[in-house]
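Note sheet for the following structure.
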Amino acid sequence: MKDEIILAIESSCDETAIAILKNGKEILVNTVNTQISEHQKFGGVYPELASRLHLENISKVVSYSLSLKGFDYKDITHVAVTIGPGLPGALQIGVMAAKTISEYLNVPLIAVHHLAGHIYANEFVEDFKYPLLALVASGGNSDIVYIDKPLNFKIIGETIDDAIGESLDKIARSLDLPYPGGVSIDKLTKDNFDNIKTITLPKVSLPGYDLSYSGLKSHVVRLVEEEKRKGTLSQEKVLAYAKSVEVAFVNQLLYKLEKASVEYKIKMIVVGGGVSANSYLRRKVYEIFDKNKVDILIPPLWCTTDNALMIAKVAHHLIKENKIAKIDISSYPNLQLDDTSIYN
Ligand code: KG4
């Protein structure tokens with residue numbers, strides 16, 4: 001049988017990434033060109049700049065990736081691309097490149113949801129056991145998803161306002177920590193976590209499995225601004241705010257996830273998205289869930305952030321189900337995980 005060789009493109013935010021995956025498992029190429037240092041001076045992702053950098057970099061990243069391992073681009077059997085959600089201009093660059101390559105090579109185009117990618121990144125560690133619950137915690141999303149068979153997503157809880165990652169980033173900015181703020185907060189606290197003092201923060205309580213971060217974020221930013229005005233924001237206080245925010249944010253997520261795991265009879269907990277790199281979250285997941293009752297999958301750090309391998313992995317499943325993108329596919333900045341209208 002002919003090998004399945006997927007070329008995947010990811011450009012939804014501030015990484016231009018290309019991957020080539022053979023038969024769903026064998027990683028031939030994983031190139032990630034990050035723009036983080038360019039956005040740092042703005043304290044966050046500057047969307048116009050992201051689009052321009054994707055445009056400048058994508059051909060270089062594609063040709064560099066194709067030059068690796070000396071394999072022949074004519075062996076590519078499918079082209080996959082992130083079509084949403086993400087920054088509108090950034091997504092368009094990847095989709096345009098993918099459409100052009102798939103037309104040129106005359107191979108099918110596979111449209112992939114970014115968050116499906118973050119979930120299925122875990123399959124580079126272990127195959128999924130269904131039914132499972134996936135926790136997606138990223139810069140733009142905080143979702144609890146029930147999955148009973150491959151790619152069958154049911155969102156049972158989501159943030160009703162801001163995402164966990166963007167809220168961490170905004171708090172970090174008010175603490176004068178560099179972008180990406182979630183990473184800075186983690187770095188600051190992880191080595192001495194237990195010895196850092198905590199500040200009492202209000203508890204968020206919403207019905208069901210929904211989450212909320214906006215109120216907590218505004219509350220903390222207000223406290224920090226007040227400390228700055230009074231000149232009382234010591235390094236010890238910065239540490240205390242950083243730790244308290246991590247604890248409050250992560251505990252809210254995991255409390256809901258634990259509740260959901262009791263209602264849904266699941267075999268596995270899967271964590272994904274940029275915030276899944278957080279040291280406190282990674283430790284806490286193992287503390288809360290009994291490994292003897294439910295398998296826990298947390299991606300290795302290399303695939304917690306945006307990459308194209310995770311997109312190729314989802315494409316591999318879509319190909320098995322013969323879900324090929326429509327010819328007039330576009331980019332969809334607000335695409336829902338359970339939207340299947342994009343396939344033929
Ligand atoms: O999934 P991702 O790379 O991009 C998308 O949003 O799609 O997630 C980026 C988010 C940022 O908000 C960043 O601050 C956060 O993930 N993040 C972290 C850590 N690493 C990345 N947050 C907390 N702890 C980390 N170690």
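Numbering starts fresh at 1 for the residues of each chain in the structure tokens, the chains themselves are lettered A, B, ... in the order given, and ligands are numbered from 1 as they appear.
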
Can you work out which residues are within 7 Å of ligand 1, considering only C-alpha atoms and all ligand atoms, and then hand them over as an mmCIF file with N, CA, C and O atoms, in the first residue's frame?
data_model
loop_
_atom_site.group_PDB
_atom_site.id
_atom_site.type_symbol
_atom_site.label_atom_id
_atom_site.label_comp_id
_atom_site.auth_asym_id
_atom_site.auth_seq_id
_atom_site.Cartn_x
_atom_site.Cartn_y
_atom_site.Cartn_z
ATOM 1 N N CYS A 13 -1.525 31.758 14.937
ATOM 2 C CA CYS A 13 -1.193 32.845 15.865
ATOM 3 C C CYS A 13 0.213 33.358 15.575
ATOM 4 O O CYS A 13 0.421 33.994 14.547
ATOM 5 N N SER A 138 -5.577 27.241 26.483
ATOM 6 C CA SER A 138 -4.609 27.922 25.618
ATOM 7 C C SER A 138 -4.765 29.435 25.734
ATOM 8 O O SER A 138 -5.489 29.939 26.598
ATOM 9 N N GLY A 139 -4.079 30.156 24.838
ATOM 10 C CA GLY A 139 -4.165 31.607 24.863
ATOM 11 C C GLY A 139 -5.568 32.091 24.544
ATOM 12 O O GLY A 139 -6.054 33.071 25.122
ATOM 13 N N GLY A 140 -6.253 31.399 23.655
ATOM 14 C CA GLY A 140 -7.575 31.860 23.218
ATOM 15 C C GLY A 140 -8.729 30.996 23.677
ATOM 16 O O GLY A 140 -9.888 31.340 23.421
ATOM 17 N N ASN A 141 -8.459 29.860 24.312
ATOM 18 C CA ASN A 141 -9.553 28.955 24.670
ATOM 19 C C ASN A 141 -9.365 28.274 26.016
ATOM 20 O O ASN A 141 -8.249 28.043 26.448
ATOM 21 N N GLY A 165 -5.247 31.531 29.184
ATOM 22 C CA GLY A 165 -3.920 31.991 28.743
ATOM 23 C C GLY A 165 -3.848 33.504 28.591
ATOM 24 O O GLY A 165 -2.925 34.150 29.086
ATOM 25 N N GLU A 166 -4.859 34.065 27.910
ATOM 26 C CA GLU A 166 -4.822 35.524 27.713
ATOM 27 C C GLU A 166 -4.939 36.257 29.046
ATOM 28 O O GLU A 166 -4.355 37.326 29.230
ATOM 29 N N LEU A 168 -3.801 35.115 31.993
ATOM 30 C CA LEU A 168 -2.473 35.029 32.629
ATOM 31 C C LEU A 168 -1.538 36.053 32.008
ATOM 32 O O LEU A 168 -0.772 36.733 32.705
ATOM 33 N N ASP A 169 -1.616 36.180 30.673
ATOM 34 C CA ASP A 169 -0.726 37.118 29.961
ATOM 35 C C ASP A 169 -0.984 38.557 30.413
ATOM 36 O O ASP A 169 -0.051 39.338 30.597
ATOM 37 N N PRO A 180 5.546 35.647 26.590
ATOM 38 C CA PRO A 180 4.204 35.285 27.015
ATOM 39 C C PRO A 180 4.131 35.175 28.541
ATOM 40 O O PRO A 180 4.909 34.451 29.157
ATOM 41 N N GLY A 181 3.150 35.890 29.090
ATOM 42 C CA GLY A 181 3.069 36.036 30.538
ATOM 43 C C GLY A 181 2.891 34.743 31.296
ATOM 44 O O GLY A 181 3.414 34.590 32.405
ATOM 45 N N GLY A 182 2.151 33.779 30.706
ATOM 46 C CA GLY A 182 1.950 32.492 31.382
ATOM 47 C C GLY A 182 3.287 31.808 31.621
ATOM 48 O O GLY A 182 3.534 31.242 32.692
ATOM 49 N N VAL A 183 4.149 31.890 30.623
ATOM 50 C CA VAL A 183 5.475 31.269 30.729
ATOM 51 C C VAL A 183 6.280 31.971 31.831
ATOM 52 O O VAL A 183 6.914 31.322 32.672
ATOM 53 N N ILE A 185 5.200 33.678 34.426
ATOM 54 C CA ILE A 185 4.646 33.389 35.755
ATOM 55 C C ILE A 185 5.123 32.010 36.217
ATOM 56 O O ILE A 185 5.565 31.818 37.352
ATOM 57 N N ASP A 186 5.062 31.044 35.316
ATOM 58 C CA ASP A 186 5.496 29.682 35.647
ATOM 59 C C ASP A 186 6.977 29.667 36.034
ATOM 60 O O ASP A 186 7.362 29.089 37.064
ATOM 61 N N GLY A 273 -2.975 22.327 24.808
ATOM 62 C CA GLY A 273 -2.922 23.787 24.692
ATOM 63 C C GLY A 273 -1.718 24.345 25.430
ATOM 64 O O GLY A 273 -1.132 23.669 26.308
ATOM 65 N N GLY A 274 -1.346 25.582 25.105
ATOM 66 C CA GLY A 274 -0.143 26.194 25.659
ATOM 67 C C GLY A 274 -0.061 26.152 27.178
ATOM 68 O O GLY A 274 1.007 25.912 27.753
ATOM 69 N N VAL A 275 -1.210 26.364 27.855
ATOM 70 C CA VAL A 275 -1.188 26.424 29.321
ATOM 71 C C VAL A 275 -0.932 25.033 29.935
ATOM 72 O O VAL A 275 -0.566 24.920 31.107
ATOM 73 N N SER A 276 -1.061 23.980 29.126
ATOM 74 C CA SER A 276 -0.772 22.638 29.663
ATOM 75 C C SER A 276 0.714 22.463 29.949
ATOM 76 O O SER A 276 1.127 21.455 30.521
ATOM 77 N N ALA A 277 1.530 23.466 29.558
ATOM 78 C CA ALA A 277 2.956 23.437 29.922
ATOM 79 C C ALA A 277 3.158 23.875 31.372
ATOM 80 O O ALA A 277 4.250 23.726 31.921
ATOM 81 N N ASN A 278 2.112 24.407 31.984
ATOM 82 C CA ASN A 278 2.264 24.970 33.331
ATOM 83 C C ASN A 278 2.615 23.900 34.375
ATOM 84 O O ASN A 278 1.928 22.883 34.507
ATOM 85 N N SER A 279 3.665 24.167 35.137
ATOM 86 C CA SER A 279 4.181 23.161 36.081
ATOM 87 C C SER A 279 3.162 22.813 37.164
ATOM 88 O O SER A 279 2.995 21.643 37.520
ATOM 89 N N THR A 304 3.174 21.211 23.496
ATOM 90 C CA THR A 304 2.124 21.987 24.165
ATOM 91 C C THR A 304 1.886 23.292 23.402
ATOM 92 O O THR A 304 0.782 23.807 23.354
ATOM 93 N N THR A 305 2.945 23.840 22.804
ATOM 94 C CA THR A 305 2.779 25.096 22.050
ATOM 95 C C THR A 305 2.456 24.781 20.595
ATOM 96 O O THR A 305 2.545 23.632 20.161
ATOM 97 N N ASP A 306 2.113 25.833 19.839
ATOM 98 C CA ASP A 306 1.633 25.610 18.477
ATOM 99 C C ASP A 306 2.693 24.938 17.602
ATOM 100 O O ASP A 306 3.855 25.343 17.597
#

Segment 91-96 of chain A surroundings by only C-alpha atoms, 8 Å radius, close-in-sequence under 4 positions cut, as a list in words: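 Close residues of segment 91-96 of chain A: Ile9, Glu10, Ser11, Ser12, Cys13, Ser51, His54, Leu55, Ile58, Val81, Thr82, Ile83, Gly84, Gly86, Leu87, Thr100, Ser330, Ser331, Tyr332 and Pro333 of chain A.
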
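Minimum distance to Leu233 of chain A across A:Met268, A:Leu201, A:Val262, A:Leu175 (counting only C-alpha atoms) occurs at A:Leu175.
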
Contacts of Ser142 of chain A within 10 Å, only C-alpha atoms, excl. fewer than 5 positions in-chain, as a ChimeraX atom specification: /A:135-137,157-165,210-213,253,272-273,275

Write the selection just made, keeping all heavy atoms, as a short mmCIF file (atom, residue, chain, number, x, y, z; two decimals), in the first residue's frame?
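Wrote selection-v4.cif, looks like this:
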data_model
loop_
_atom_site.label_atom_id
_atom_site.label_comp_id
_atom_site.auth_asym_id
_atom_site.auth_seq_id
_atom_site.Cartn_x
_atom_site.Cartn_y
_atom_site.Cartn_z
N LEU A 135 -9.15 18.53 28.23
CA LEU A 135 -9.10 19.89 28.76
C LEU A 135 -8.20 20.70 27.83
O LEU A 135 -7.04 20.34 27.64
CB LEU A 135 -8.49 19.85 30.15
CG LEU A 135 -8.21 21.19 30.82
CD1 LEU A 135 -9.48 21.93 31.12
CD2 LEU A 135 -7.42 20.96 32.10
N VAL A 136 -8.77 21.74 27.22
CA VAL A 136 -7.96 22.56 26.32
C VAL A 136 -7.77 23.92 26.99
O VAL A 136 -8.72 24.66 27.20
CB VAL A 136 -8.64 22.77 24.96
CG1 VAL A 136 -7.71 23.51 24.01
CG2 VAL A 136 -9.03 21.43 24.35
N ALA A 137 -6.52 24.23 27.32
CA ALA A 137 -6.22 25.49 28.01
C ALA A 137 -5.15 26.21 27.21
O ALA A 137 -3.98 25.84 27.24
CB ALA A 137 -5.73 25.20 29.43
N GLY A 157 -18.16 22.33 28.56
CA GLY A 157 -17.90 23.53 29.35
C GLY A 157 -16.89 24.41 28.66
O GLY A 157 -16.00 23.92 27.98
N GLU A 158 -17.08 25.72 28.80
CA GLU A 158 -16.11 26.64 28.18
C GLU A 158 -16.12 27.95 28.93
O GLU A 158 -17.04 28.22 29.71
CB GLU A 158 -16.43 26.86 26.70
CG GLU A 158 -17.78 27.48 26.45
CD GLU A 158 -18.20 27.40 24.98
OE1 GLU A 158 -17.32 27.47 24.10
OE2 GLU A 158 -19.41 27.29 24.72
N THR A 159 -15.11 28.78 28.67
CA THR A 159 -15.09 30.06 29.36
C THR A 159 -16.22 30.94 28.82
O THR A 159 -16.47 30.96 27.61
CB THR A 159 -13.72 30.76 29.22
OG1 THR A 159 -13.80 32.04 29.86
CG2 THR A 159 -13.30 30.95 27.78
N ILE A 160 -16.86 31.64 29.72
CA ILE A 160 -17.94 32.52 29.27
C ILE A 160 -17.40 33.91 28.93
O ILE A 160 -18.12 34.77 28.46
CB ILE A 160 -19.07 32.64 30.33
CG1 ILE A 160 -18.52 33.18 31.65
CG2 ILE A 160 -19.77 31.32 30.53
CD1 ILE A 160 -19.60 33.73 32.56
N ASP A 161 -16.10 34.12 29.19
CA ASP A 161 -15.51 35.44 28.85
C ASP A 161 -14.09 35.24 28.32
O ASP A 161 -13.92 34.79 27.20
CB ASP A 161 -15.57 36.40 30.05
CG ASP A 161 -15.26 35.71 31.38
OD1 ASP A 161 -14.18 35.13 31.49
OD2 ASP A 161 -16.12 35.76 32.30
N ASP A 162 -13.07 35.55 29.11
CA ASP A 162 -11.69 35.45 28.61
C ASP A 162 -11.14 34.04 28.78
O ASP A 162 -11.58 33.29 29.64
CB ASP A 162 -10.79 36.42 29.38
CG ASP A 162 -11.20 37.86 29.15
OD1 ASP A 162 -11.97 38.11 28.20
OD2 ASP A 162 -10.77 38.74 29.93
N ALA A 163 -10.12 33.74 27.98
CA ALA A 163 -9.46 32.43 28.11
C ALA A 163 -8.41 32.50 29.22
O ALA A 163 -7.93 33.58 29.58
CB ALA A 163 -8.80 32.06 26.80
N ILE A 164 -8.04 31.34 29.71
CA ILE A 164 -7.06 31.27 30.82
C ILE A 164 -5.72 31.86 30.39
O ILE A 164 -5.12 32.64 31.12
CB ILE A 164 -6.93 29.82 31.36
CG1 ILE A 164 -5.97 29.77 32.54
CG2 ILE A 164 -6.51 28.83 30.28
CD1 ILE A 164 -6.01 28.47 33.32
N GLY A 165 -5.25 31.53 29.18
CA GLY A 165 -3.92 31.99 28.74
C GLY A 165 -3.85 33.50 28.59
O GLY A 165 -2.92 34.15 29.09
N ASP A 210 -19.02 25.41 32.92
CA ASP A 210 -18.46 26.63 32.35
C ASP A 210 -17.45 27.28 33.28
O ASP A 210 -17.45 27.05 34.50
CB ASP A 210 -19.58 27.62 31.99
CG ASP A 210 -20.25 27.26 30.68
OD1 ASP A 210 -19.64 26.48 29.91
OD2 ASP A 210 -21.37 27.74 30.42
N LEU A 211 -16.61 28.11 32.69
CA LEU A 211 -15.51 28.74 33.42
C LEU A 211 -15.55 30.25 33.18
O LEU A 211 -16.17 30.72 32.23
CB LEU A 211 -14.17 28.21 32.87
CG LEU A 211 -14.02 26.69 32.85
CD1 LEU A 211 -13.11 26.26 31.72
CD2 LEU A 211 -13.47 26.22 34.19
N SER A 212 -14.86 31.00 34.05
CA SER A 212 -14.78 32.45 33.86
C SER A 212 -13.44 32.95 34.38
O SER A 212 -13.02 32.59 35.48
CB SER A 212 -15.93 33.13 34.61
OG SER A 212 -15.69 34.51 34.66
N TYR A 213 -12.78 33.79 33.59
CA TYR A 213 -11.49 34.33 34.02
C TYR A 213 -11.43 35.85 34.05
O TYR A 213 -10.52 36.43 34.63
CB TYR A 213 -10.36 33.78 33.11
CG TYR A 213 -10.12 32.33 33.42
CD1 TYR A 213 -10.60 31.33 32.60
CD2 TYR A 213 -9.47 31.97 34.60
CE1 TYR A 213 -10.43 30.00 32.93
CE2 TYR A 213 -9.29 30.65 34.93
CZ TYR A 213 -9.78 29.67 34.10
OH TYR A 213 -9.62 28.35 34.44
N LEU A 253 -10.20 25.30 36.73
CA LEU A 253 -10.25 24.35 35.60
C LEU A 253 -10.38 22.91 36.09
O LEU A 253 -11.23 22.15 35.63
CB LEU A 253 -8.91 24.39 34.85
CG LEU A 253 -8.69 25.27 33.64
CD1 LEU A 253 -7.31 24.98 33.07
CD2 LEU A 253 -9.75 25.07 32.58
N GLY A 272 -4.39 19.63 26.89
CA GLY A 272 -3.70 20.20 25.73
C GLY A 272 -3.74 21.72 25.71
O GLY A 272 -4.44 22.34 26.53
N GLY A 273 -2.97 22.33 24.81
CA GLY A 273 -2.92 23.79 24.69
C GLY A 273 -1.72 24.34 25.43
O GLY A 273 -1.13 23.67 26.31
N VAL A 275 -1.21 26.36 27.85
CA VAL A 275 -1.19 26.42 29.32
C VAL A 275 -0.93 25.03 29.93
O VAL A 275 -0.57 24.92 31.11
CB VAL A 275 -2.50 27.07 29.85
CG1 VAL A 275 -2.48 27.20 31.36
CG2 VAL A 275 -2.70 28.46 29.23
#

Among listed residues A:Lys230, A:Lys154, A:Lys259, A:Lys237, nearest Ile199 of chain A (using only C-alpha atoms): A:Lys237

A:Ser205, A:Asn334, A:Asn23, A:Ser174 ranked by distance to Glu226 of chain A, top pick (using only C-alpha atoms):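 Answer, going by the shortest atom-to-atom distance: A:Ser174.
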
Backbone-only DSSP, strand (DSSP E) members of segment 50-282 of chain A, as a PyMOL selection string: chain A and resi 78-84+109-113+132-137+142-147+153-158+268-272

Produce a file of the selected residues containing C-alpha atoms, as a PDB file, in the first residue's frame.
ATOM      1  CA  HIS A  78      -2.159  15.172   1.418  1.00  0.00           C
ATOM      2  CA  VAL A  79      -1.832  18.789   2.503  1.00  0.00           C
ATOM      3  CA  ALA A  80      -3.364  19.747   5.877  1.00  0.00           C
ATOM      4  CA  VAL A  81      -3.873  23.195   7.326  1.00  0.00           C
ATOM      5  CA  THR A  82      -5.292  24.950  10.365  1.00  0.00           C
ATOM      6  CA  ILE A  83      -8.385  26.824   9.179  1.00  0.00           C
ATOM      7  CA  GLY A  84      -9.431  28.217  12.587  1.00  0.00           C
ATOM      8  CA  LEU A 109      -6.571  19.357   1.159  1.00  0.00           C
ATOM      9  CA  ILE A 110      -7.489  18.536   4.762  1.00  0.00           C
ATOM     10  CA  ALA A 111      -8.961  21.300   6.941  1.00  0.00           C
ATOM     11  CA  VAL A 112      -8.085  21.073  10.625  1.00  0.00           C
ATOM     12  CA  HIS A 113      -9.433  22.759  13.740  1.00  0.00           C
ATOM     13  CA  LEU A 132     -12.402  10.583  27.237  1.00  0.00           C
ATOM     14  CA  LEU A 133     -12.464  14.134  28.549  1.00  0.00           C
ATOM     15  CA  ALA A 134     -10.105  16.692  27.051  1.00  0.00           C
ATOM     16  CA  LEU A 135      -9.101  19.895  28.760  1.00  0.00           C
ATOM     17  CA  VAL A 136      -7.960  22.563  26.324  1.00  0.00           C
ATOM     18  CA  ALA A 137      -6.221  25.486  28.009  1.00  0.00           C
ATOM     19  CA  SER A 142     -10.496  27.150  27.854  1.00  0.00           C
ATOM     20  CA  ASP A 143     -12.734  24.193  27.093  1.00  0.00           C
ATOM     21  CA  ILE A 144     -13.776  20.888  28.593  1.00  0.00           C
ATOM     22  CA  VAL A 145     -14.601  18.494  25.786  1.00  0.00           C
ATOM     23  CA  TYR A 146     -16.209  15.051  25.843  1.00  0.00           C
ATOM     24  CA  ILE A 147     -15.017  12.750  23.052  1.00  0.00           C
ATOM     25  CA  PHE A 153     -16.277  16.546  19.974  1.00  0.00           C
ATOM     26  CA  LYS A 154     -18.909  17.688  22.451  1.00  0.00           C
ATOM     27  CA  ILE A 155     -18.017  20.855  24.344  1.00  0.00           C
ATOM     28  CA  ILE A 156     -19.519  20.456  27.801  1.00  0.00           C
ATOM     29  CA  GLY A 157     -17.905  23.534  29.355  1.00  0.00           C
ATOM     30  CA  GLU A 158     -16.108  26.639  28.176  1.00  0.00           C
ATOM     31  CA  MET A 268      -8.880   8.878  29.895  1.00  0.00           C
ATOM     32  CA  ILE A 269      -8.130  12.532  30.746  1.00  0.00           C
ATOM     33  CA  VAL A 270      -6.261  14.392  28.032  1.00  0.00           C
ATOM     34  CA  VAL A 271      -4.769  17.859  28.518  1.00  0.00           C
ATOM     35  CA  GLY A 272      -3.695  20.203  25.730  1.00  0.00           C
TER      36      GLY A 272
END

Atom pair atom CA of Asn30 of chain A / atom CA of Leu281 of chain A: separation (Å): 26.1 Å

Which of segment 5-120 of chain A DSSP labels alpha helix (DSSP H), written as a PyMOL selection string: chain A and resi 36-40+47-67+88-105+114-120

Create the file for the chosen residues now, containing C-alpha atoms and written as a PDB file, in the first residue's frame.
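Ended up saving to out_9.pdb:
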ATOM      1  CA  ILE A  36       7.604  35.545  20.086  1.00  0.00           C
ATOM      2  CA  SER A  37      10.655  37.844  20.250  1.00  0.00           C
ATOM      3  CA  GLU A  38       9.058  40.195  17.676  1.00  0.00           C
ATOM      4  CA  HIS A  39       5.849  40.512  19.680  1.00  0.00           C
ATOM      5  CA  GLN A  40       7.576  40.855  23.048  1.00  0.00           C
ATOM      6  CA  PRO A  47      -2.037  40.756  14.855  1.00  0.00           C
ATOM      7  CA  GLU A  48      -0.915  42.884  11.882  1.00  0.00           C
ATOM      8  CA  LEU A  49       2.708  42.090  12.569  1.00  0.00           C
ATOM      9  CA  ALA A  50       1.858  38.374  12.924  1.00  0.00           C
ATOM     10  CA  SER A  51       0.306  38.334   9.419  1.00  0.00           C
ATOM     11  CA  ARG A  52       3.249  40.164   7.901  1.00  0.00           C
ATOM     12  CA  LEU A  53       5.781  37.830   9.499  1.00  0.00           C
ATOM     13  CA  HIS A  54       3.839  34.735   8.380  1.00  0.00           C
ATOM     14  CA  LEU A  55       3.843  36.143   4.859  1.00  0.00           C
ATOM     15  CA  GLU A  56       7.568  36.832   4.988  1.00  0.00           C
ATOM     16  CA  ASN A  57       8.457  33.484   6.529  1.00  0.00           C
ATOM     17  CA  ILE A  58       6.128  30.883   5.100  1.00  0.00           C
ATOM     18  CA  SER A  59       7.991  30.194   1.841  1.00  0.00           C
ATOM     19  CA  LYS A  60      11.280  29.966   3.711  1.00  0.00           C
ATOM     20  CA  VAL A  61       9.810  27.580   6.284  1.00  0.00           C
ATOM     21  CA  VAL A  62       8.219  25.423   3.564  1.00  0.00           C
ATOM     22  CA  SER A  63      11.350  25.196   1.422  1.00  0.00           C
ATOM     23  CA  TYR A  64      13.578  24.586   4.452  1.00  0.00           C
ATOM     24  CA  SER A  65      11.229  21.794   5.606  1.00  0.00           C
ATOM     25  CA  LEU A  66      11.148  20.195   2.167  1.00  0.00           C
ATOM     26  CA  SER A  67      14.918  20.283   1.924  1.00  0.00           C
ATOM     27  CA  PRO A  88      -7.853  36.247  10.763  1.00  0.00           C
ATOM     28  CA  GLY A  89      -4.843  37.539   8.813  1.00  0.00           C
ATOM     29  CA  ALA A  90      -2.490  34.914  10.207  1.00  0.00           C
ATOM     30  CA  LEU A  91      -4.824  32.035   9.313  1.00  0.00           C
ATOM     31  CA  GLN A  92      -5.256  33.314   5.762  1.00  0.00           C
ATOM     32  CA  ILE A  93      -1.535  33.062   4.995  1.00  0.00           C
ATOM     33  CA  GLY A  94      -1.397  29.373   5.970  1.00  0.00           C
ATOM     34  CA  VAL A  95      -4.643  28.499   4.199  1.00  0.00           C
ATOM     35  CA  MET A  96      -3.546  30.262   1.008  1.00  0.00           C
ATOM     36  CA  ALA A  97      -0.182  28.460   1.041  1.00  0.00           C
ATOM     37  CA  ALA A  98      -1.851  25.091   1.699  1.00  0.00           C
ATOM     38  CA  LYS A  99      -4.406  25.548  -1.079  1.00  0.00           C
ATOM     39  CA  THR A 100      -1.678  26.480  -3.523  1.00  0.00           C
ATOM     40  CA  ILE A 101       0.533  23.503  -2.624  1.00  0.00           C
ATOM     41  CA  SER A 102      -2.367  21.041  -2.742  1.00  0.00           C
ATOM     42  CA  GLU A 103      -3.474  22.399  -6.153  1.00  0.00           C
ATOM     43  CA  TYR A 104       0.077  22.268  -7.477  1.00  0.00           C
ATOM     44  CA  LEU A 105       0.647  18.696  -6.258  1.00  0.00           C
ATOM     45  CA  HIS A 114      -6.607  24.223  15.834  1.00  0.00           C
ATOM     46  CA  LEU A 115      -7.942  22.905  19.140  1.00  0.00           C
ATOM     47  CA  ALA A 116      -8.437  19.421  17.728  1.00  0.00           C
ATOM     48  CA  GLY A 117      -4.708  19.667  17.045  1.00  0.00           C
ATOM     49  CA  HIS A 118      -3.919  20.554  20.661  1.00  0.00           C
ATOM     50  CA  ILE A 119      -6.006  17.586  21.833  1.00  0.00           C
ATOM     51  CA  TYR A 120      -4.581  15.058  19.365  1.00  0.00           C
TER      52      TYR A 120
END

Selection near Leu239 of chain A, 12 Å with only C-alpha atoms, sequence-local residues under 5 positions removed, as a PyMOL selection string: chain A and resi 172+175-177+184-199+224+233-234+244-246

Convert the current residue selection to file output with C-alpha atoms, as a PDB file, in the first residue's frame.
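Just written: out18.pdb:
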ATOM      1  CA  ALA A 172       1.773  39.135  33.908  1.00  0.00           C
ATOM      2  CA  LEU A 175       3.327  42.707  36.952  1.00  0.00           C
ATOM      3  CA  ASP A 176       5.861  43.907  34.329  1.00  0.00           C
ATOM      4  CA  LEU A 177       6.756  40.339  33.352  1.00  0.00           C
ATOM      5  CA  SER A 184       6.987  34.077  32.846  1.00  0.00           C
ATOM      6  CA  ILE A 185       4.646  33.389  35.755  1.00  0.00           C
ATOM      7  CA  ASP A 186       5.496  29.682  35.647  1.00  0.00           C
ATOM      8  CA  LYS A 187       9.248  30.355  35.478  1.00  0.00           C
ATOM      9  CA  LEU A 188       9.046  32.715  38.422  1.00  0.00           C
ATOM     10  CA  THR A 189       7.218  30.354  40.739  1.00  0.00           C
ATOM     11  CA  LYS A 190       8.018  26.764  39.822  1.00  0.00           C
ATOM     12  CA  ASP A 191      11.313  26.219  41.653  1.00  0.00           C
ATOM     13  CA  ASN A 192      10.202  27.539  45.014  1.00  0.00           C
ATOM     14  CA  PHE A 193       6.444  27.101  44.724  1.00  0.00           C
ATOM     15  CA  ASP A 194       5.653  25.813  48.215  1.00  0.00           C
ATOM     16  CA  ASN A 195       7.598  28.603  49.959  1.00  0.00           C
ATOM     17  CA  ILE A 196       5.896  31.485  48.152  1.00  0.00           C
ATOM     18  CA  LYS A 197       3.171  33.280  50.112  1.00  0.00           C
ATOM     19  CA  THR A 198      -0.363  33.437  48.729  1.00  0.00           C
ATOM     20  CA  ILE A 199      -2.909  36.218  48.457  1.00  0.00           C
ATOM     21  CA  VAL A 224      -1.512  45.300  41.332  1.00  0.00           C
ATOM     22  CA  LEU A 233       4.760  46.131  44.891  1.00  0.00           C
ATOM     23  CA  SER A 234       7.838  44.326  46.225  1.00  0.00           C
ATOM     24  CA  SER A 244      -1.989  32.911  43.720  1.00  0.00           C
ATOM     25  CA  VAL A 245      -3.178  33.499  40.175  1.00  0.00           C
ATOM     26  CA  GLU A 246      -1.802  30.151  38.982  1.00  0.00           C
TER      27      GLU A 246
END

Gap from atom CA of Ala8 of chain A to atom CA of Gly44 of chain A - Å, one decimal: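 Atom-to-atom, atom CA of Ala8 of chain A to atom CA of Gly44 of chain A, that is 25.9 Å.
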
Distance query Lys149 of chain A at most 12 Å, only C-alpha atoms, self and fewer than 5 positions along chain excluded, as a ChimeraX atom specification: /A:128-133,154,266-267,317,321

Can those selected residues be exported to a file as a compact mmCIF listing (two decimals), in the first residue's frame so that it contains N, CA and C atoms?
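Contents of selection12.txt, freshly written:
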# COMPACT_ATOMS: atom_id res chain seq x y z
N PHE A 128 -5.44 7.17 21.97
CA PHE A 128 -6.54 7.51 22.87
C PHE A 128 -7.39 6.28 23.21
N LYS A 129 -7.95 6.34 24.44
CA LYS A 129 -8.95 5.34 24.84
C LYS A 129 -10.25 6.10 25.04
N TYR A 130 -11.28 5.73 24.30
CA TYR A 130 -12.55 6.44 24.37
C TYR A 130 -13.52 5.70 25.28
N PRO A 131 -14.48 6.42 25.90
CA PRO A 131 -14.65 7.87 25.88
C PRO A 131 -13.61 8.56 26.78
N LEU A 132 -13.37 9.82 26.44
CA LEU A 132 -12.40 10.58 27.24
C LEU A 132 -12.86 12.02 27.43
N LEU A 133 -12.22 12.70 28.37
CA LEU A 133 -12.46 14.13 28.55
C LEU A 133 -11.17 14.86 28.21
N LYS A 154 -17.74 17.04 21.83
CA LYS A 154 -18.91 17.69 22.45
C LYS A 154 -18.37 18.60 23.56
N ILE A 266 -15.49 7.94 31.94
CA ILE A 266 -14.41 8.06 30.96
C ILE A 266 -13.24 7.13 31.28
N LYS A 267 -12.46 6.88 30.23
CA LYS A 267 -11.29 6.02 30.41
C LYS A 267 -10.00 6.84 30.47
N HIS A 317 -6.50 11.29 11.01
CA HIS A 317 -7.81 10.73 11.38
C HIS A 317 -8.89 11.16 10.38
N GLU A 321 -11.46 8.92 7.76
CA GLU A 321 -12.92 9.07 7.64
C GLU A 321 -13.32 9.73 6.34
